[in-house]
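Data block for query-v4.cif (mmCIF, N, CA and C atoms):
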data_my_file
loop_
_atom_site.group_PDB
_atom_site.id
_atom_site.type_symbol
_atom_site.label_atom_id
_atom_site.label_comp_id
_atom_site.auth_asym_id
_atom_site.auth_seq_id
_atom_site.Cartn_x
_atom_site.Cartn_y
_atom_site.Cartn_z
ATOM 1 N N MET O 133 -4.047 -0.128 18.352
ATOM 2 C CA MET O 133 -3.929 -1.142 17.343
ATOM 3 C C MET O 133 -5.326 -1.617 17.001
ATOM 4 N N ALA O 134 -5.520 -1.956 15.745
ATOM 5 C CA ALA O 134 -6.845 -2.388 15.314
ATOM 6 C C ALA O 134 -6.720 -3.492 14.274
ATOM 7 N N ALA O 135 -7.621 -4.460 14.370
ATOM 8 C CA ALA O 135 -7.627 -5.575 13.428
ATOM 9 C C ALA O 135 -9.056 -6.025 13.191
ATOM 10 N N ILE O 136 -9.353 -6.335 11.946
ATOM 11 C CA ILE O 136 -10.698 -6.774 11.571
ATOM 12 C C ILE O 136 -10.608 -8.054 10.748
ATOM 13 N N CYS O 137 -11.656 -8.845 10.791
ATOM 14 C CA CYS O 137 -11.803 -10.085 10.025
ATOM 15 C C CYS O 137 -10.809 -11.141 10.512
ATOM 16 N N ALA O 138 -9.872 -11.553 9.673
ATOM 17 C CA ALA O 138 -8.895 -12.576 10.062
ATOM 18 C C ALA O 138 -7.664 -11.981 10.740
ATOM 19 N N ALA O 139 -7.481 -10.671 10.645
ATOM 20 C CA ALA O 139 -6.293 -10.025 11.193
ATOM 21 C C ALA O 139 -6.087 -10.214 12.697
ATOM 22 N N PRO O 140 -7.145 -10.354 13.516
ATOM 23 C CA PRO O 140 -6.894 -10.640 14.928
ATOM 24 C C PRO O 140 -6.069 -11.920 15.133
ATOM 25 N N GLY O 141 -6.109 -12.837 14.182
ATOM 26 C CA GLY O 141 -5.273 -14.035 14.258
ATOM 27 C C GLY O 141 -3.791 -13.692 14.231
ATOM 28 N N VAL O 142 -3.434 -12.663 13.483
ATOM 29 C CA VAL O 142 -2.047 -12.183 13.460
ATOM 30 C C VAL O 142 -1.692 -11.595 14.819
ATOM 31 N N PHE O 143 -2.600 -10.799 15.376
ATOM 32 C CA PHE O 143 -2.367 -10.231 16.708
ATOM 33 C C PHE O 143 -2.159 -11.345 17.738
ATOM 34 N N GLU O 144 -2.937 -12.424 17.614
ATOM 35 C CA GLU O 144 -2.786 -13.558 18.529
ATOM 36 C C GLU O 144 -1.382 -14.152 18.414
ATOM 37 N N ARG O 145 -0.943 -14.389 17.190
ATOM 38 C CA ARG O 145 0.386 -14.994 16.986
ATOM 39 C C ARG O 145 1.509 -14.093 17.495
ATOM 40 N N LEU O 146 1.282 -12.788 17.482
ATOM 41 C CA LEU O 146 2.281 -11.845 17.980
ATOM 42 C C LEU O 146 2.190 -11.631 19.490
ATOM 43 N N GLY O 147 1.190 -12.228 20.123
ATOM 44 C CA GLY O 147 1.034 -12.120 21.572
ATOM 45 C C GLY O 147 0.282 -10.888 22.037
ATOM 46 N N PHE O 148 -0.293 -10.126 21.122
ATOM 47 C CA PHE O 148 -0.982 -8.885 21.484
ATOM 48 C C PHE O 148 -2.313 -9.106 22.188
ATOM 49 N N LEU O 149 -2.896 -10.301 22.063
ATOM 50 C CA LEU O 149 -4.231 -10.542 22.629
ATOM 51 C C LEU O 149 -4.212 -11.291 23.952
ATOM 52 N N LYS O 150 -3.046 -11.607 24.452
ATOM 53 C CA LYS O 150 -2.950 -12.385 25.687
ATOM 54 C C LYS O 150 -3.700 -11.688 26.828
ATOM 55 N N GLY O 151 -4.723 -12.378 27.348
ATOM 56 C CA GLY O 151 -5.507 -11.849 28.462
ATOM 57 C C GLY O 151 -6.474 -10.748 28.092
ATOM 58 N N ARG O 152 -6.628 -10.458 26.820
ATOM 59 C CA ARG O 152 -7.524 -9.379 26.389
ATOM 60 C C ARG O 152 -8.845 -9.935 25.877
ATOM 61 N N ASN O 153 -9.835 -9.074 25.819
ATOM 62 C CA ASN O 153 -11.099 -9.374 25.161
ATOM 63 C C ASN O 153 -10.906 -9.087 23.678
ATOM 64 N N ALA O 154 -11.416 -9.975 22.820
ATOM 65 C CA ALA O 154 -11.236 -9.789 21.383
ATOM 66 C C ALA O 154 -12.307 -10.545 20.611
ATOM 67 N N THR O 155 -12.417 -10.205 19.334
ATOM 68 C CA THR O 155 -13.303 -10.919 18.420
ATOM 69 C C THR O 155 -12.619 -11.026 17.075
ATOM 70 N N SER O 156 -13.196 -11.819 16.187
ATOM 71 C CA SER O 156 -12.629 -11.993 14.850
ATOM 72 C C SER O 156 -13.647 -12.662 13.946
ATOM 73 N N TYR O 157 -13.252 -12.898 12.717
ATOM 74 C CA TYR O 157 -14.066 -13.665 11.784
ATOM 75 C C TYR O 157 -14.302 -15.047 12.400
ATOM 76 N N PRO O 158 -15.498 -15.620 12.253
ATOM 77 C CA PRO O 158 -15.804 -16.884 12.930
ATOM 78 C C PRO O 158 -14.768 -17.995 12.762
ATOM 79 N N SER O 159 -14.241 -18.195 11.561
ATOM 80 C CA SER O 159 -13.290 -19.296 11.360
ATOM 81 C C SER O 159 -11.936 -19.044 12.013
ATOM 82 N N VAL O 160 -11.676 -17.810 12.425
ATOM 83 C CA VAL O 160 -10.409 -17.464 13.081
ATOM 84 C C VAL O 160 -10.558 -17.489 14.594
ATOM 85 N N MET O 161 -11.798 -17.413 15.078
ATOM 86 C CA MET O 161 -12.063 -17.290 16.512
ATOM 87 C C MET O 161 -11.348 -18.374 17.329
ATOM 88 N N GLU O 162 -11.326 -19.611 16.851
ATOM 89 C CA GLU O 162 -10.694 -20.695 17.613
ATOM 90 C C GLU O 162 -9.176 -20.513 17.737
ATOM 91 N N GLN O 163 -8.585 -19.685 16.898
ATOM 92 C CA GLN O 163 -7.144 -19.417 16.986
ATOM 93 C C GLN O 163 -6.802 -18.449 18.117
ATOM 94 N N LEU O 164 -7.784 -17.725 18.616
ATOM 95 C CA LEU O 164 -7.550 -16.704 19.641
ATOM 96 C C LEU O 164 -7.518 -17.356 21.021
ATOM 97 N N THR O 165 -6.581 -18.235 21.220
ATOM 98 C CA THR O 165 -6.542 -19.059 22.434
ATOM 99 C C THR O 165 -6.119 -18.299 23.682
ATOM 100 N N SER O 166 -5.396 -17.193 23.530
ATOM 101 C CA SER O 166 -4.950 -16.457 24.716
ATOM 102 C C SER O 166 -5.907 -15.326 25.084
ATOM 103 N N ALA O 167 -6.935 -15.123 24.259
ATOM 104 C CA ALA O 167 -7.886 -14.029 24.481
ATOM 105 C C ALA O 167 -9.200 -14.557 25.042
ATOM 106 N N ARG O 168 -9.969 -13.649 25.631
ATOM 107 C CA ARG O 168 -11.350 -13.930 26.002
ATOM 108 C C ARG O 168 -12.182 -13.487 24.795
ATOM 109 N N THR O 169 -12.746 -14.442 24.066
ATOM 110 C CA THR O 169 -13.423 -14.114 22.817
ATOM 111 C C THR O 169 -14.870 -13.694 23.038
ATOM 112 N N SER O 170 -15.353 -12.920 22.091
ATOM 113 C CA SER O 170 -16.700 -12.374 22.149
ATOM 114 C C SER O 170 -17.321 -12.432 20.757
ATOM 115 N N LEU O 171 -18.638 -12.513 20.707
ATOM 116 C CA LEU O 171 -19.353 -12.458 19.442
ATOM 117 C C LEU O 171 -19.847 -11.045 19.124
ATOM 118 N N GLU O 172 -19.443 -10.087 19.933
ATOM 119 C CA GLU O 172 -19.805 -8.693 19.675
ATOM 120 C C GLU O 172 -19.188 -8.249 18.345
ATOM 121 N N PRO O 173 -19.831 -7.315 17.629
ATOM 122 C CA PRO O 173 -19.296 -6.860 16.346
ATOM 123 C C PRO O 173 -17.944 -6.154 16.462
ATOM 124 N N VAL O 174 -17.768 -5.400 17.546
ATOM 125 C CA VAL O 174 -16.525 -4.666 17.796
ATOM 126 C C VAL O 174 -16.183 -4.828 19.271
ATOM 127 N N VAL O 175 -14.924 -5.127 19.554
ATOM 128 C CA VAL O 175 -14.471 -5.276 20.936
ATOM 129 C C VAL O 175 -13.263 -4.358 21.146
ATOM 130 N N VAL O 176 -13.352 -3.514 22.166
ATOM 131 C CA VAL O 176 -12.253 -2.618 22.524
ATOM 132 C C VAL O 176 -11.737 -3.054 23.883
ATOM 133 N N ASP O 177 -10.440 -3.310 23.960
ATOM 134 C CA ASP O 177 -9.802 -3.658 25.229
ATOM 135 C C ASP O 177 -8.491 -2.888 25.298
ATOM 136 N N GLY O 178 -8.517 -1.821 26.070
ATOM 137 C CA GLY O 178 -7.333 -0.959 26.147
ATOM 138 C C GLY O 178 -7.055 -0.341 24.788
ATOM 139 N N ASN O 179 -5.824 -0.522 24.320
ATOM 140 C CA ASN O 179 -5.445 0.063 23.034
ATOM 141 C C ASN O 179 -5.607 -0.918 21.867
ATOM 142 N N VAL O 180 -6.347 -2.000 22.074
ATOM 143 C CA VAL O 180 -6.569 -2.998 21.021
ATOM 144 C C VAL O 180 -8.058 -3.043 20.686
ATOM 145 N N THR O 181 -8.364 -2.838 19.406
ATOM 146 C CA THR O 181 -9.734 -2.911 18.915
ATOM 147 C C THR O 181 -9.795 -4.009 17.865
ATOM 148 N N THR O 182 -10.759 -4.915 18.010
ATOM 149 C CA THR O 182 -10.937 -5.984 17.043
ATOM 150 C C THR O 182 -12.381 -5.999 16.559
ATOM 151 N N SER O 183 -12.573 -6.555 15.355
ATOM 152 C CA SER O 183 -13.913 -6.624 14.792
ATOM 153 C C SER O 183 -14.034 -7.876 13.933
ATOM 154 N N ARG O 184 -15.262 -8.251 13.603
ATOM 155 C CA ARG O 184 -15.549 -9.567 13.028
ATOM 156 C C ARG O 184 -15.389 -9.695 11.529
ATOM 157 N N GLY O 185 -15.676 -8.666 10.724
ATOM 158 C CA GLY O 185 -15.574 -8.827 9.278
ATOM 159 C C GLY O 185 -16.215 -7.689 8.514
ATOM 160 N N MET O 186 -16.387 -7.896 7.222
ATOM 161 C CA MET O 186 -16.889 -6.845 6.359
ATOM 162 C C MET O 186 -18.221 -6.265 6.843
ATOM 163 N N GLY O 187 -19.086 -7.096 7.362
ATOM 164 C CA GLY O 187 -20.375 -6.627 7.852
ATOM 165 C C GLY O 187 -20.293 -5.748 9.085
ATOM 166 N N THR O 188 -19.149 -5.732 9.743
ATOM 167 C CA THR O 188 -18.966 -4.906 10.938
ATOM 168 C C THR O 188 -17.985 -3.766 10.690
ATOM 169 N N ALA O 189 -17.640 -3.527 9.429
ATOM 170 C CA ALA O 189 -16.625 -2.521 9.100
ATOM 171 C C ALA O 189 -17.034 -1.096 9.488
ATOM 172 N N ILE O 190 -18.302 -0.753 9.313
ATOM 173 C CA ILE O 190 -18.725 0.609 9.665
ATOM 174 C C ILE O 190 -18.692 0.815 11.182
ATOM 175 N N PRO O 191 -19.276 -0.073 11.991
ATOM 176 C CA PRO O 191 -19.144 0.112 13.439
ATOM 177 C C PRO O 191 -17.675 0.109 13.900
ATOM 178 N N PHE O 192 -16.849 -0.709 13.260
ATOM 179 C CA PHE O 192 -15.408 -0.757 13.559
ATOM 180 C C PHE O 192 -14.777 0.612 13.294
ATOM 181 N N ALA O 193 -15.035 1.159 12.118
ATOM 182 C CA ALA O 193 -14.469 2.463 11.760
ATOM 183 C C ALA O 193 -14.973 3.564 12.686
ATOM 184 N N LEU O 194 -16.261 3.542 12.996
ATOM 185 C CA LEU O 194 -16.811 4.564 13.892
ATOM 186 C C LEU O 194 -16.235 4.442 15.297
ATOM 187 N N SER O 195 -15.978 3.233 15.739
ATOM 188 C CA SER O 195 -15.332 3.040 17.039
ATOM 189 C C SER O 195 -13.937 3.655 17.047
ATOM 190 N N LEU O 196 -13.206 3.451 15.967
ATOM 191 C CA LEU O 196 -11.851 4.017 15.885
ATOM 192 C C LEU O 196 -11.893 5.543 15.872
ATOM 193 N N VAL O 197 -12.841 6.119 15.126
ATOM 194 C CA VAL O 197 -12.982 7.581 15.106
ATOM 195 C C VAL O 197 -13.325 8.081 16.500
ATOM 196 N N SER O 198 -14.225 7.395 17.173
ATOM 197 C CA SER O 198 -14.598 7.781 18.532
ATOM 198 C C SER O 198 -13.399 7.763 19.463
ATOM 199 N N GLN O 199 -12.561 6.736 19.341
ATOM 200 C CA GLN O 199 -11.390 6.615 20.204
ATOM 201 C C GLN O 199 -10.311 7.644 19.885
ATOM 202 N N MET O 200 -10.112 7.919 18.601
ATOM 203 C CA MET O 200 -9.004 8.794 18.192
ATOM 204 C C MET O 200 -9.369 10.262 18.078
ATOM 205 N N VAL O 201 -10.663 10.552 17.838
ATOM 206 C CA VAL O 201 -11.092 11.947 17.693
ATOM 207 C C VAL O 201 -12.089 12.269 18.805
ATOM 208 N N SER O 202 -13.317 11.805 18.635
ATOM 209 C CA SER O 202 -14.341 12.019 19.669
ATOM 210 C C SER O 202 -15.603 11.246 19.304
ATOM 211 N N GLU O 203 -16.412 10.985 20.306
ATOM 212 C CA GLU O 203 -17.700 10.337 20.079
ATOM 213 C C GLU O 203 -18.595 11.226 19.227
ATOM 214 N N GLU O 204 -18.500 12.536 19.433
ATOM 215 C CA GLU O 204 -19.300 13.475 18.655
ATOM 216 C C GLU O 204 -18.962 13.369 17.172
ATOM 217 N N LYS O 205 -17.680 13.281 16.837
ATOM 218 C CA LYS O 205 -17.262 13.165 15.443
ATOM 219 C C LYS O 205 -17.744 11.839 14.852
ATOM 220 N N ALA O 206 -17.678 10.770 15.629
ATOM 221 C CA ALA O 206 -18.167 9.475 15.154
ATOM 222 C C ALA O 206 -19.661 9.557 14.853
ATOM 223 N N GLN O 207 -20.430 10.209 15.714
ATOM 224 C CA GLN O 207 -21.869 10.364 15.497
ATOM 225 C C GLN O 207 -22.139 11.217 14.256
ATOM 226 N N GLU O 208 -21.353 12.268 14.093
ATOM 227 C CA GLU O 208 -21.490 13.132 12.910
ATOM 228 C C GLU O 208 -21.240 12.334 11.632
ATOM 229 N N LEU O 209 -20.195 11.527 11.622
ATOM 230 C CA LEU O 209 -19.893 10.700 10.457
ATOM 231 C C LEU O 209 -20.992 9.683 10.203
ATOM 232 N N ALA O 210 -21.493 9.055 11.260
ATOM 233 C CA ALA O 210 -22.571 8.080 11.113
ATOM 234 C C ALA O 210 -23.792 8.726 10.467
ATOM 235 N N GLN O 211 -24.125 9.924 10.920
ATOM 236 C CA GLN O 211 -25.261 10.629 10.331
ATOM 237 C C GLN O 211 -24.998 10.990 8.884
ATOM 238 N N SER O 212 -23.778 11.382 8.555
ATOM 239 C CA SER O 212 -23.468 11.809 7.190
ATOM 240 C C SER O 212 -23.542 10.660 6.185
ATOM 241 N N ILE O 213 -23.381 9.432 6.657
ATOM 242 C CA ILE O 213 -23.490 8.280 5.747
ATOM 243 C C ILE O 213 -24.813 7.541 5.950
ATOM 244 N N ILE O 214 -25.708 8.159 6.728
ATOM 245 C CA ILE O 214 -27.027 7.609 7.021
ATOM 246 C C ILE O 214 -26.893 6.213 7.649
ATOM 247 N N PHE O 215 -26.011 6.110 8.619
ATOM 248 C CA PHE O 215 -25.818 4.871 9.356
ATOM 249 C C PHE O 215 -26.459 5.029 10.715
ATOM 250 N N LYS O 216 -27.403 4.158 11.018
ATOM 251 C CA LYS O 216 -28.095 4.233 12.302
ATOM 252 C C LYS O 216 -27.313 3.429 13.330
ATOM 253 N N VAL O 217 -26.861 4.120 14.364
ATOM 254 C CA VAL O 217 -26.091 3.485 15.427
ATOM 255 C C VAL O 217 -27.018 2.832 16.403
#
Encoded form using structure tokens:
Amino acid sequence: MAAICAAPGVFERLGFLKGRNATSYPSVMEQLTSARTSLEPVVVDGNVTTSRGMGTAIPFALSLVSQMVSEEKAQELAQSIIFKV
């Protein structure tokens, strides 16, 4: 499961973040009361990946590719879009 920007707030309301590490858009962070919050751009905890917002969308996407395909594929994609990891 993956959520970016304000969407981690939905995960919180559904109980998906209980006891997990997570992040979100700053104004939503206080809603994540059952999670251990982080200011990291992308947080992976088990099968839940969260990210902070539009500015973290590329690292978020590359993290998902790494998890679902491979780290090598994520690096290849990063290079193809000239994104420095």
Once the PyMOL selection byres ((chain O and resi 137-153) around 7) has been evaluated on this model, what residues remain selected, and can you format them as a ChimeraX atom specification?
/O:134-136,154-158,160,163-170,175-177,182-186
Written as a PyMOL selection string, which residues does the PyMOL selection byres (((chain O and resi 207 and name CA) around 12) and name CA) give for the file shown?
chain O and resi 190-191+193-198+201-206+208-217
Enumerate as a ChimeraX atom specification all residues of chain O assigned to alpha helix (DSSP H) by DSSP on the backbone, naming them with the chain letters and numbers the document uses.
/O:140-145,158-161,189-200,203-212
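The two atoms in question, atom C of Gly187 of chain O and atom CA of Glu172 of chain O, are spaced 11.0 Å apart.
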Interatomic distance (Å, one decimal) between atom CA of Met200 of chain O and atom N of Thr188 of chain O
19.6 Å
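Every residue of chain O with a DSSP assignment of strand (DSSP E), taken from the backbone, is listed as Ala134, Ala135, Ile136, Asn153, Ala154, Arg168, Thr169, Val174, Val175, Val176, Asp177, Val180, Thr181, Thr182 and Ser183 of chain O.
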